[in-house]
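Visitor: Below you will find the structure I want to go over with you.
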Amino acid sequence: MSGGVDSAVAAHLLKEDGYDVTGLFMHNWEEDGCPATDDWRDVQACCEKLGIDCYSVNFASEYMDGVFDYFLREYRAYRTPNPDVLCNRVVKFGAFRDYCAQLGADYIATGHYCKIDGDRLLKAADGNKDQTYFLNQVKTEQLNNVLFPLGDLLKPQVRFLAEKLNLSVAHKKDSTGICFIGERKFKKFLAEYLPAMVGDIVDTTGNVVGKHDGLMYYTLGQRRGLGVGGVKGESGRWFVLDKDVKNNRLIVSCGDESGLMSHKLFGSGFNVIGEFDMPKSLACTAKTRYRQPDQKATLILEDDGKFSLEFDEPQRAVTPGQYAVVYVGDRCLGGGVIEHTEK
């Protein structure tokens, strides 16, 4: 249980179905600033209302070694990681799952919006809340004996149930971003761990138009926070076009976004969820960020986990370090890390 409305309602639904339910809260960060204290208090209040026991379990060491170190390595390489994806594999369906097995639990359950059918991971009924994207790196065996009680519910239904149960989290705002950053500004947090190197912001012709605070703070397609005034006679807003790592320059453009578009991406570490007879070339849909609508594409998967995705239509700001996730109908086939793109 996370301290949010989704996991609280999931616990209620399981209890209503006759399961013997225990709430476990994961404490994954040891530094002040993370909202874990308030979340743990909300878990305790909800469990008391639901009439179930709850415990707090510390996985800070596992999180630091398996997730946060990766997070820093990716930013050192000037890429944009998604630590929440790795957290699911390493902590929630790794260390947490193993801990529950030691306690003798028959199942683990979470408040994720998704479904399980045999060894297949399926999209949730609520397309706006579907979270299969974040589970693309979970191994098939990690999904054995896992329950997702919210798979067939819409978010408004979940909040309605929480209201009906008089749960204190019924209207609690959904968590966004990365837990360990909490309420702090991202730049300030990252600067505590990685030294930033100030450099020039240049346009596509090499003219200096400003200064950046460190290449790691920016991502492709970003518009806000660039601090670049004026548009040099062009129409539109400035956006990040590329990073010149060798010369520590941030390349920006405005107006025409054709330079952000790519037809093909290449990646590594593709994780296939469930048994699947993979053809050499697979017509599928895919997304390169969480909120993106599914895009028609063709997947080519190699034996070593390297893969390529060629899209029917060009895609905007496909970003190295993020995950490309593949679907066949409503089934999430898995995904891998984006390495580079082809225009």
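The way I read the labels, and the way they are meant: chains A, B, ... in the order of the structure tokens, residue 1 as the first residue of every chain, and ligand 1 as the first ligand shown, with later ones counted on from there.
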As an MDAnalysis selection string, please: all residues of region 48-213 of chain A that backbone DSSP puts in alpha helix (DSSP H).
Guide: chainID A and resid 48:50 60:63 69:76 83:87 96:103 155:164 186:191
Visitor: Got a sec to tell me which of region 32-281 of chain A DSSP assigns to strand (DSSP E or B), as a PyMOL selection string?
Guide: chain A and resi 53-58+108-109+114-117+120-123+146-147+199-202+208-212+238-244+249-254+261-272
Visitor: Could you name the residues that touch Gly329 (chain A) at 12 Å or less, counting only C-alpha atoms, but leaving out those on the same chain fewer than 3 positions away, as an mmCIF file with N, CA and C atoms, in the first residue's frame?
Guide:
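Saved the output as result.cif:
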```cif
data_model
loop_
_atom_site.group_PDB
_atom_site.id
_atom_site.type_symbol
_atom_site.label_atom_id
_atom_site.label_comp_id
_atom_site.auth_asym_id
_atom_site.auth_seq_id
_atom_site.Cartn_x
_atom_site.Cartn_y
_atom_site.Cartn_z
ATOM 1 N N ARG A 120 -0.029 -13.340 -19.579
ATOM 2 C CA ARG A 120 -0.132 -12.151 -20.427
ATOM 3 C C ARG A 120 -0.485 -10.925 -19.588
ATOM 4 N N LEU A 121 0.228 -9.826 -19.840
ATOM 5 C CA LEU A 121 -0.060 -8.553 -19.200
ATOM 6 C C LEU A 121 -0.933 -7.741 -20.141
ATOM 7 N N LEU A 122 -2.114 -7.325 -19.658
ATOM 8 C CA LEU A 122 -3.099 -6.649 -20.505
ATOM 9 C C LEU A 122 -3.386 -5.243 -19.998
ATOM 10 N N LYS A 123 -3.825 -4.392 -20.917
ATOM 11 C CA LYS A 123 -4.194 -3.035 -20.561
ATOM 12 C C LYS A 123 -5.408 -3.025 -19.638
ATOM 13 N N ALA A 283 4.101 -6.694 -36.768
ATOM 14 C CA ALA A 283 3.255 -5.499 -36.823
ATOM 15 C C ALA A 283 2.646 -5.295 -35.443
ATOM 16 N N CYS A 284 2.791 -4.102 -34.890
ATOM 17 C CA CYS A 284 2.380 -3.864 -33.507
ATOM 18 C C CYS A 284 2.004 -2.396 -33.349
ATOM 19 N N THR A 285 1.708 -2.015 -32.116
ATOM 20 C CA THR A 285 1.659 -0.603 -31.762
ATOM 21 C C THR A 285 2.693 -0.389 -30.670
ATOM 22 N N ALA A 286 3.119 0.854 -30.493
ATOM 23 C CA ALA A 286 4.160 1.139 -29.503
ATOM 24 C C ALA A 286 4.013 2.562 -28.996
ATOM 25 N N ASP A 294 -1.075 4.968 -28.565
ATOM 26 C CA ASP A 294 -0.364 3.909 -29.280
ATOM 27 C C ASP A 294 -0.132 4.303 -30.737
ATOM 28 N N GLN A 295 1.074 4.026 -31.222
ATOM 29 C CA GLN A 295 1.451 4.357 -32.594
ATOM 30 C C GLN A 295 1.730 3.068 -33.368
ATOM 31 N N LYS A 296 1.235 2.985 -34.595
ATOM 32 C CA LYS A 296 1.480 1.799 -35.412
ATOM 33 C C LYS A 296 2.968 1.714 -35.767
ATOM 34 N N VAL A 326 5.866 -2.047 -26.345
ATOM 35 C CA VAL A 326 5.200 -2.630 -27.515
ATOM 36 C C VAL A 326 3.913 -3.344 -27.113
ATOM 37 N N CYS A 332 0.329 -6.081 -23.523
ATOM 38 C CA CYS A 332 1.645 -5.451 -23.433
ATOM 39 C C CYS A 332 2.690 -6.544 -23.601
ATOM 40 N N LEU A 333 3.403 -6.499 -24.712
ATOM 41 C CA LEU A 333 4.386 -7.533 -25.017
ATOM 42 C C LEU A 333 5.695 -7.318 -24.274
#
```
Visitor: For CA of Ala170 (chain A) and CA of Phe96 (chain A), quote the distance in Å rounded to one decimal.
Guide: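 The value is 25.4 Å.
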Visitor: Counting only C-alpha atoms, figure out which residue out of A:Glu310, A:Asp119, A:Glu302, A:Glu30 gets nearest to Glu342 (chain A).
Guide: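 Closest to Glu342 (chain A), using only C-alpha atoms: A:Glu310.
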